[in-house]
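Source file: run36.cif. Holds: mmCIF, C-alpha atoms and all ligand atoms.
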data_target
loop_
_atom_site.label_atom_id
_atom_site.label_comp_id
_atom_site.auth_asym_id
_atom_site.auth_seq_id
_atom_site.Cartn_x
_atom_site.Cartn_y
_atom_site.Cartn_z
CA MET K 197 20.19 -10.09 -3.98
CA ASP K 198 19.74 -12.65 -6.74
CA ASN K 199 20.66 -15.64 -4.62
CA GLN K 200 18.83 -14.32 -1.53
CA ILE K 201 15.38 -15.50 -0.55
CA VAL K 202 13.37 -12.90 1.37
CA ILE K 203 10.31 -14.20 3.20
CA ALA K 204 7.71 -11.68 4.46
CA LEU K 205 5.90 -12.95 7.57
CA THR K 206 2.71 -11.52 9.04
CA LYS K 207 3.35 -10.22 12.55
CA GLY K 208 1.07 -10.88 15.51
CA ARG K 209 -0.96 -14.01 16.11
CA ILE K 210 -0.15 -15.50 12.69
CA LEU K 211 3.59 -15.16 13.41
CA LYS K 212 3.23 -17.24 16.59
CA GLU K 213 1.90 -20.13 14.49
CA THR K 214 4.21 -19.52 11.51
CA LEU K 215 7.55 -19.69 13.36
CA PRO K 216 7.12 -23.27 14.68
CA LEU K 217 6.11 -24.37 11.18
CA PHE K 218 9.19 -22.78 9.64
CA ALA K 219 11.39 -24.20 12.43
CA ALA K 220 10.06 -27.69 11.69
CA ALA K 221 10.89 -27.06 8.02
CA GLY K 222 14.46 -26.13 9.06
CA ILE K 223 14.25 -22.34 8.82
CA GLU K 224 14.80 -20.39 12.04
CA PRO K 225 15.65 -16.77 12.82
CA ILE K 226 19.01 -16.52 14.58
CA GLU K 227 17.55 -14.21 17.23
CA ASP K 228 14.28 -14.10 19.15
CA ILE K 229 11.89 -12.07 16.96
CA SER K 230 9.55 -11.37 19.89
CA LYS K 231 12.37 -9.69 21.85
CA SER K 232 13.49 -7.41 19.04
CA ARG K 233 12.16 -4.28 17.38
CA LYS K 234 13.98 -5.11 14.17
CA LEU K 235 11.93 -5.74 11.04
CA ILE K 236 14.42 -7.89 9.15
CA PHE K 237 16.06 -11.02 10.53
CA ASP K 238 18.86 -13.34 9.46
CA THR K 239 18.19 -17.05 9.68
CA ASN K 240 20.21 -20.23 10.11
CA HIS K 241 20.45 -20.22 6.27
CA ALA K 242 22.84 -17.60 4.87
CA ASP K 243 20.57 -17.13 1.83
CA VAL K 244 17.25 -16.69 3.72
CA LYS K 245 16.03 -13.52 5.45
CA LEU K 246 12.74 -12.93 7.24
CA LEU K 247 10.73 -9.70 7.24
CA VAL K 248 8.13 -9.21 9.96
CA ILE K 249 5.42 -6.82 8.76
CA ARG K 250 1.69 -6.10 8.92
CA GLY K 251 -0.50 -8.70 7.26
CA SER K 252 -2.06 -6.12 4.97
CA ASP K 253 1.42 -5.25 3.63
CA VAL K 254 2.60 -8.81 2.89
CA PRO K 255 0.83 -9.16 -0.51
CA THR K 256 2.27 -5.78 -1.59
CA TYR K 257 5.86 -6.76 -0.71
CA VAL K 258 5.50 -10.06 -2.56
CA LYS K 259 3.71 -8.60 -5.58
CA HIS K 260 6.50 -6.07 -6.14
CA GLY K 261 9.26 -8.59 -5.50
CA ALA K 262 10.54 -6.83 -2.36
CA ALA K 263 9.93 -10.25 -0.83
CA ASP K 264 10.09 -13.52 -2.79
CA ILE K 265 7.76 -15.42 -0.50
CA GLY K 266 5.08 -14.33 1.96
CA VAL K 267 2.84 -15.75 4.65
CA SER K 268 -0.52 -14.07 4.45
CA GLY K 269 -4.02 -14.66 5.78
CA LYS K 270 -6.47 -15.61 3.01
CA ASP K 271 -8.56 -12.61 4.14
CA MET K 272 -5.68 -10.30 3.18
CA LEU K 273 -5.27 -12.05 -0.18
CA LEU K 274 -8.98 -11.82 -0.97
CA GLU K 275 -8.97 -8.13 -0.06
CA PHE K 276 -5.77 -7.47 -2.02
CA GLY K 277 -6.99 -9.36 -5.09
CA GLY K 278 -4.37 -12.12 -5.07
CA ALA K 279 -4.35 -12.85 -8.82
CA ASP K 280 -0.82 -11.43 -9.16
CA LEU K 281 0.66 -13.92 -6.72
CA TYR K 282 1.24 -17.66 -6.76
CA GLU K 283 -0.45 -19.36 -3.82
CA PRO K 284 1.26 -22.77 -3.72
CA LEU K 285 0.43 -23.86 -0.17
CA ASP K 286 -2.32 -23.63 2.42
CA LEU K 287 -0.39 -23.57 5.71
CA ASP K 288 -3.53 -24.65 7.59
CA ILE K 289 -2.79 -22.26 10.47
CA SER K 290 -4.62 -19.23 11.95
CA LYS K 291 -7.92 -20.63 10.80
CA CYS K 292 -11.00 -18.48 11.21
CA ARG K 293 -14.03 -17.35 9.20
CA LEU K 294 -14.79 -14.16 7.38
CA MET K 295 -18.42 -13.37 8.16
CA THR K 296 -21.09 -10.76 8.13
CA ALA K 297 -22.46 -9.92 11.56
CA ALA K 298 -25.19 -7.72 12.98
CA MET K 299 -26.87 -6.91 16.31
CA VAL K 300 -28.58 -9.98 17.81
CA GLY K 301 -32.08 -10.41 16.41
CA LYS K 302 -32.06 -7.10 14.56
CA GLU K 303 -33.43 -7.13 11.03
CA LEU K 304 -31.49 -5.33 8.35
CA PRO K 305 -33.21 -2.29 6.85
CA VAL K 306 -35.05 -2.78 3.58
CA GLY K 307 -33.13 -1.21 0.71
CA ARG K 308 -29.71 0.31 1.18
CA ILE K 309 -27.67 -1.02 4.09
CA ARG K 310 -24.56 0.38 5.79
CA ILE K 311 -21.65 -2.03 6.16
CA ALA K 312 -18.61 -1.18 8.28
CA THR K 313 -15.44 -3.14 7.60
CA LYS K 314 -11.74 -3.05 6.91
CA PHE K 315 -12.40 -5.52 4.07
CA VAL K 316 -13.89 -2.99 1.67
CA ASN K 317 -13.21 -4.93 -1.55
CA ILE K 318 -14.51 -8.20 -0.14
CA ALA K 319 -17.67 -6.47 1.15
CA LYS K 320 -18.25 -4.78 -2.22
CA ALA K 321 -17.85 -8.06 -4.13
CA TRP K 322 -20.11 -9.90 -1.68
CA CYS K 323 -22.85 -7.26 -2.06
CA ALA K 324 -22.47 -7.13 -5.85
CA GLU K 325 -22.89 -10.93 -6.14
CA ARG K 326 -26.16 -10.69 -4.22
CA GLY K 327 -27.49 -7.48 -5.72
CA ILE K 328 -27.37 -5.85 -2.28
CA GLN K 329 -27.24 -2.04 -2.31
CA ALA K 330 -24.75 -0.92 0.33
CA ASP K 331 -22.74 1.98 1.60
CA ILE K 332 -19.40 0.55 2.66
CA ILE K 333 -17.76 2.38 5.56
CA LYS K 334 -14.02 1.76 5.91
CA LEU K 335 -12.77 1.20 9.46
CA TYR K 336 -9.30 0.18 10.64
CA GLY K 337 -10.31 -1.67 13.82
CA ALA K 338 -13.04 -2.43 16.37
CA MET K 339 -15.64 -3.10 13.71
CA GLU K 340 -17.98 -4.46 16.41
CA LEU K 341 -18.47 -0.95 17.72
CA ALA K 342 -20.04 0.34 14.50
CA PRO K 343 -23.53 -1.27 14.77
CA LEU K 344 -23.59 -0.58 18.51
CA MET K 345 -23.13 3.15 17.84
CA ASP K 346 -25.44 3.05 14.80
CA LEU K 347 -22.63 3.83 12.39
CA ALA K 348 -23.55 0.69 10.41
CA ASP K 349 -26.27 -1.99 10.12
CA MET K 350 -23.83 -4.79 9.52
CA ILE K 351 -20.11 -5.54 9.66
CA VAL K 352 -17.81 -7.82 7.69
CA ASP K 353 -15.16 -9.19 10.03
CA ILE K 354 -13.00 -12.12 11.08
CA VAL K 355 -14.72 -14.48 13.52
CA ASP K 356 -12.81 -17.11 15.47
CA THR K 357 -14.59 -18.14 18.69
CA GLY K 358 -17.34 -15.52 18.25
CA ASN K 359 -16.58 -14.13 21.71
CA THR K 360 -15.87 -10.61 20.45
CA LEU K 361 -19.22 -10.49 18.65
CA ARG K 362 -21.12 -11.91 21.64
CA ALA K 363 -19.46 -9.48 24.05
CA ASN K 364 -20.83 -6.63 21.94
CA GLY K 365 -24.38 -7.91 21.50
CA MET K 366 -23.77 -9.11 17.95
CA GLU K 367 -24.23 -12.40 16.11
CA PRO K 368 -22.62 -13.90 13.01
CA ARG K 369 -24.93 -14.03 9.99
CA ASP K 370 -23.42 -15.16 6.63
CA LEU K 371 -20.19 -17.03 6.00
CA ILE K 372 -18.18 -15.23 3.33
CA ALA K 373 -15.05 -17.42 3.34
CA ASP K 374 -13.15 -19.92 5.45
CA ILE K 375 -9.76 -18.37 6.19
CA SER K 376 -6.31 -19.80 6.88
CA SER K 377 -2.79 -18.55 6.26
CA ARG K 378 -1.28 -19.18 2.84
CA LEU K 379 2.19 -19.22 1.37
CA VAL K 380 2.42 -16.78 -1.54
CA VAL K 381 5.25 -16.42 -4.03
CA ASN K 382 6.26 -13.60 -6.37
CA ARG K 383 5.78 -14.69 -10.01
CA ALA K 384 9.20 -13.54 -11.27
CA SER K 385 10.97 -15.07 -8.23
CA MET K 386 9.21 -18.37 -8.89
CA LYS K 387 10.91 -18.44 -12.30
CA ARG K 388 14.32 -16.99 -11.42
CA LYS K 389 14.84 -18.80 -8.10
CA HIS K 390 12.70 -21.80 -8.85
CA ALA K 391 14.81 -24.61 -7.35
CA ARG K 392 15.39 -22.90 -3.98
CA ILE K 393 11.82 -21.68 -3.64
CA GLN K 394 10.45 -25.10 -4.56
CA GLN K 395 12.71 -26.64 -1.89
CA ILE K 396 11.24 -24.30 0.75
CA VAL K 397 7.65 -24.92 -0.45
CA ASN K 398 8.24 -28.70 -0.33
CA SER K 399 9.73 -28.67 3.19
CA LEU K 400 6.84 -26.57 4.49
CA SER K 401 4.34 -28.75 2.66
CA GLN K 402 5.74 -31.86 4.37
CA VAL K 403 5.44 -30.20 7.78
CA VAL K 404 1.83 -29.15 7.07
CA GLU K 405 0.90 -32.67 5.91
CA ALA K 406 2.58 -34.23 8.97
CA SER K 407 0.69 -31.97 11.38
CA LYS K 408 -2.60 -32.72 9.58
CA GLU K 409 -1.93 -36.46 9.97
CA LYS K 410 -1.25 -35.92 13.68
CA VAL K 411 -4.62 -34.19 14.08
CA ASP K 412 -6.45 -36.90 12.08
CA SER K 413 -5.02 -39.86 14.00
P1 LIG T 501 -13.10 -14.10 18.35
O1 LIG T 501 -13.54 -13.21 19.46
O2 LIG T 501 -12.39 -15.35 18.84
O3 LIG T 501 -14.23 -14.44 17.39
O4 LIG T 501 -11.97 -13.34 17.54
C1 LIG T 501 -12.36 -12.26 16.74
C2 LIG T 501 -11.28 -11.22 16.59
O5 LIG T 501 -9.97 -11.77 16.63
C3 LIG T 501 -11.48 -10.60 15.22
O6 LIG T 501 -11.96 -9.29 15.40
C4 LIG T 501 -10.13 -10.63 14.58
O7 LIG T 501 -9.61 -9.34 14.50
C5 LIG T 501 -9.24 -11.46 15.45
N1 LIG T 501 -8.85 -12.76 14.83
C6 LIG T 501 -9.21 -13.98 15.24
N2 LIG T 501 -8.64 -14.94 14.51
C7 LIG T 501 -7.87 -14.32 13.61
C8 LIG T 501 -7.02 -14.76 12.55
N3 LIG T 501 -6.83 -16.05 12.29
N4 LIG T 501 -6.43 -13.82 11.78
C9 LIG T 501 -6.60 -12.52 12.05
N5 LIG T 501 -7.39 -12.04 13.03
C10 LIG T 501 -8.01 -12.91 13.80
#

What does this structure look like when you write it as structure tokens?
Amino acid sequence: MDNQIVIALTKGRILKETLPLFAAAGIEPIEDISKSRKLIFDTNHADVKLLVIRGSDVPTYVKHGAADIGVSGKDMLLEFGGADLYEPLDLDISKCRLMTAAMVGKELPVGRIRIATKFVNIAKAWCAERGIQADIIKLYGAMELAPLMDLADMIVDIVDTGNTLRANGMEPRDLIADISSRLVVNRASMKRKHARIQQIVNSLSQVVEASKEKVDS
């Protein structure tokens, strides 16, 4: 596997924006990923394979070297604690915001608050920085339901248009971080396969810059 480059992609909405970027950089799966239940795909380069996995698993695959490169939302990297990974490139796709949110107009209780989220580590760090006492309640989805059912006073969640919050009587409160998808690289791979990985990073970087220029002009 020493001359192979394995790239772990985040499935779902991030994948839809990642594949055109990779195609423009000259890397394409040889079959239609959306029409297959496979998890590993050959590409038009004999030395490059793509994995299609959950976003929350991408940092783990890359950290342990099961993948050399990954595409991961910054939210996942913040939650994972990305210090073990190189993060050479902001892909500038799947942009959104990580925010706190609560029921419209409702004041938070004085003292200890209950926060429901799948971003437990991010929520803990955010509370610690502000000296906020909180019980963090881990959920795996539909965070917006928690305040509605009085499971929590506040949530920490991804906000894009804000429609999901609005539809559930909630409003965004504090911005925790601006999010976009990032390219991450395993530290050992970066040393052992430096030239090839750098080539891939450079091609993607050129595509990202070109699409930024298109937006600016
Ligand atoms: P919205 O209703 O447009 O604010 O979208 C909010 C929901 O869409 C959130 O609950 C997220 O789960 C999901 N979402 C939106 N954008 C992204 C993204 N870039 N990455 C991951 N999830 C997202």

**Selected residue, from K:Ser268, K:Thr357, K:Ser377, K:Ser252, that lies nearest to ligand LIG 501 (chain T) when counting all atoms listed in the file** =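 For ligand LIG 501 (chain T), the nearest of the given residues is K:Thr357.
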
Give the residues close to ligand LIG 501 (chain T), within 9 Å, counting only C-alpha atoms and all ligand atoms; write them as a short mmCIF file (atom, residue, chain, number, x, y, z; two decimals) with C-alpha atoms, in the coordinates of the input.
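Now in part.cif:
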data_model
loop_
_atom_site.label_atom_id
_atom_site.label_comp_id
_atom_site.auth_asym_id
_atom_site.auth_seq_id
_atom_site.Cartn_x
_atom_site.Cartn_y
_atom_site.Cartn_z
CA GLY K 208 1.07 -10.88 15.51
CA ARG K 209 -0.96 -14.01 16.11
CA ILE K 210 -0.15 -15.50 12.69
CA GLY K 251 -0.50 -8.70 7.26
CA GLY K 269 -4.02 -14.66 5.78
CA LYS K 270 -6.47 -15.61 3.01
CA ASP K 271 -8.56 -12.61 4.14
CA ILE K 289 -2.79 -22.26 10.47
CA SER K 290 -4.62 -19.23 11.95
CA LYS K 291 -7.92 -20.63 10.80
CA CYS K 292 -11.00 -18.48 11.21
CA ARG K 293 -14.03 -17.35 9.20
CA GLY K 337 -10.31 -1.67 13.82
CA ALA K 338 -13.04 -2.43 16.37
CA MET K 339 -15.64 -3.10 13.71
CA GLU K 340 -17.98 -4.46 16.41
CA ASP K 353 -15.16 -9.19 10.03
CA ILE K 354 -13.00 -12.12 11.08
CA VAL K 355 -14.72 -14.48 13.52
CA ASP K 356 -12.81 -17.11 15.47
CA THR K 357 -14.59 -18.14 18.69
CA GLY K 358 -17.34 -15.52 18.25
CA ASN K 359 -16.58 -14.13 21.71
CA THR K 360 -15.87 -10.61 20.45
CA LEU K 361 -19.22 -10.49 18.65
CA ARG K 362 -21.12 -11.91 21.64
CA ALA K 363 -19.46 -9.48 24.05
CA ILE K 375 -9.76 -18.37 6.19
CA SER K 376 -6.31 -19.80 6.88
CA SER K 377 -2.79 -18.55 6.26
#

Spatial neighbours of region 369-372 of chain K, 9 Å, all atoms listed in the file, chain gap at least 5 places, as a PDB file with C-alpha atoms, in the frame of the given file:
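Result saved to out-v6.pdb:
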ATOM      1  CA  ARG K 293     -14.030 -17.350   9.200  1.00  0.00           C
ATOM      2  CA  LEU K 294     -14.790 -14.160   7.380  1.00  0.00           C
ATOM      3  CA  MET K 295     -18.420 -13.370   8.160  1.00  0.00           C
ATOM      4  CA  THR K 296     -21.090 -10.760   8.130  1.00  0.00           C
ATOM      5  CA  ALA K 297     -22.460  -9.920  11.560  1.00  0.00           C
ATOM      6  CA  ALA K 298     -25.190  -7.720  12.980  1.00  0.00           C
ATOM      7  CA  ILE K 318     -14.510  -8.200  -0.140  1.00  0.00           C
ATOM      8  CA  TRP K 322     -20.110  -9.900  -1.680  1.00  0.00           C
ATOM      9  CA  VAL K 352     -17.810  -7.820   7.690  1.00  0.00           C
TER      10      VAL K 352
END

**Request:** Rank nothing, just name the residue among K:Glu325, K:Glu409, K:Asp286, K:Asp346 nearest to Asp374 (chain K), using only C-alpha atoms.
**Result:** K:Asp286

**Asked** Quick one: of K:Arg378, K:Ala312, K:Glu283, K:Thr239, who's nearest to Thr206 (chain K), counting all atoms listed in the file?
**Response**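 So, comparing all the options, the nearest one is K:Arg378.
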
**Request:** Could you give me, as a ChimeraX atom specification, the residues within 8 Å of region 217-234 of chain K, counting all atoms listed in the file and dropping anything in the same chain fewer than 3 positions from it?
**Result:** /K:213-214,237-241,246,396,399-400,402-404

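The coordinates place CA of Tyr282 (chain K) at 6.3 Å from CA of Arg383 (chain K).
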
**Request:** Have a look at CA of Lys245 (chain K) and CA of Lys207 (chain K) and let me know their distance in Å, one decimal.
**Result:** 14.9 Å

**Item:** Option closest in space to Gln200 (chain K), from K:Leu281, K:Ala263, K:Cys323, K:Met272 [counting all atoms listed in the file]
**Value:** K:Ala263

**Asked** Quick one: distance from CA of Leu344 (chain K) to CA of Ile309 (chain K) in Å, one decimal?
**Response**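 Separating CA of Leu344 (chain K) from CA of Ile309 (chain K) is a distance of 15.0 Å.
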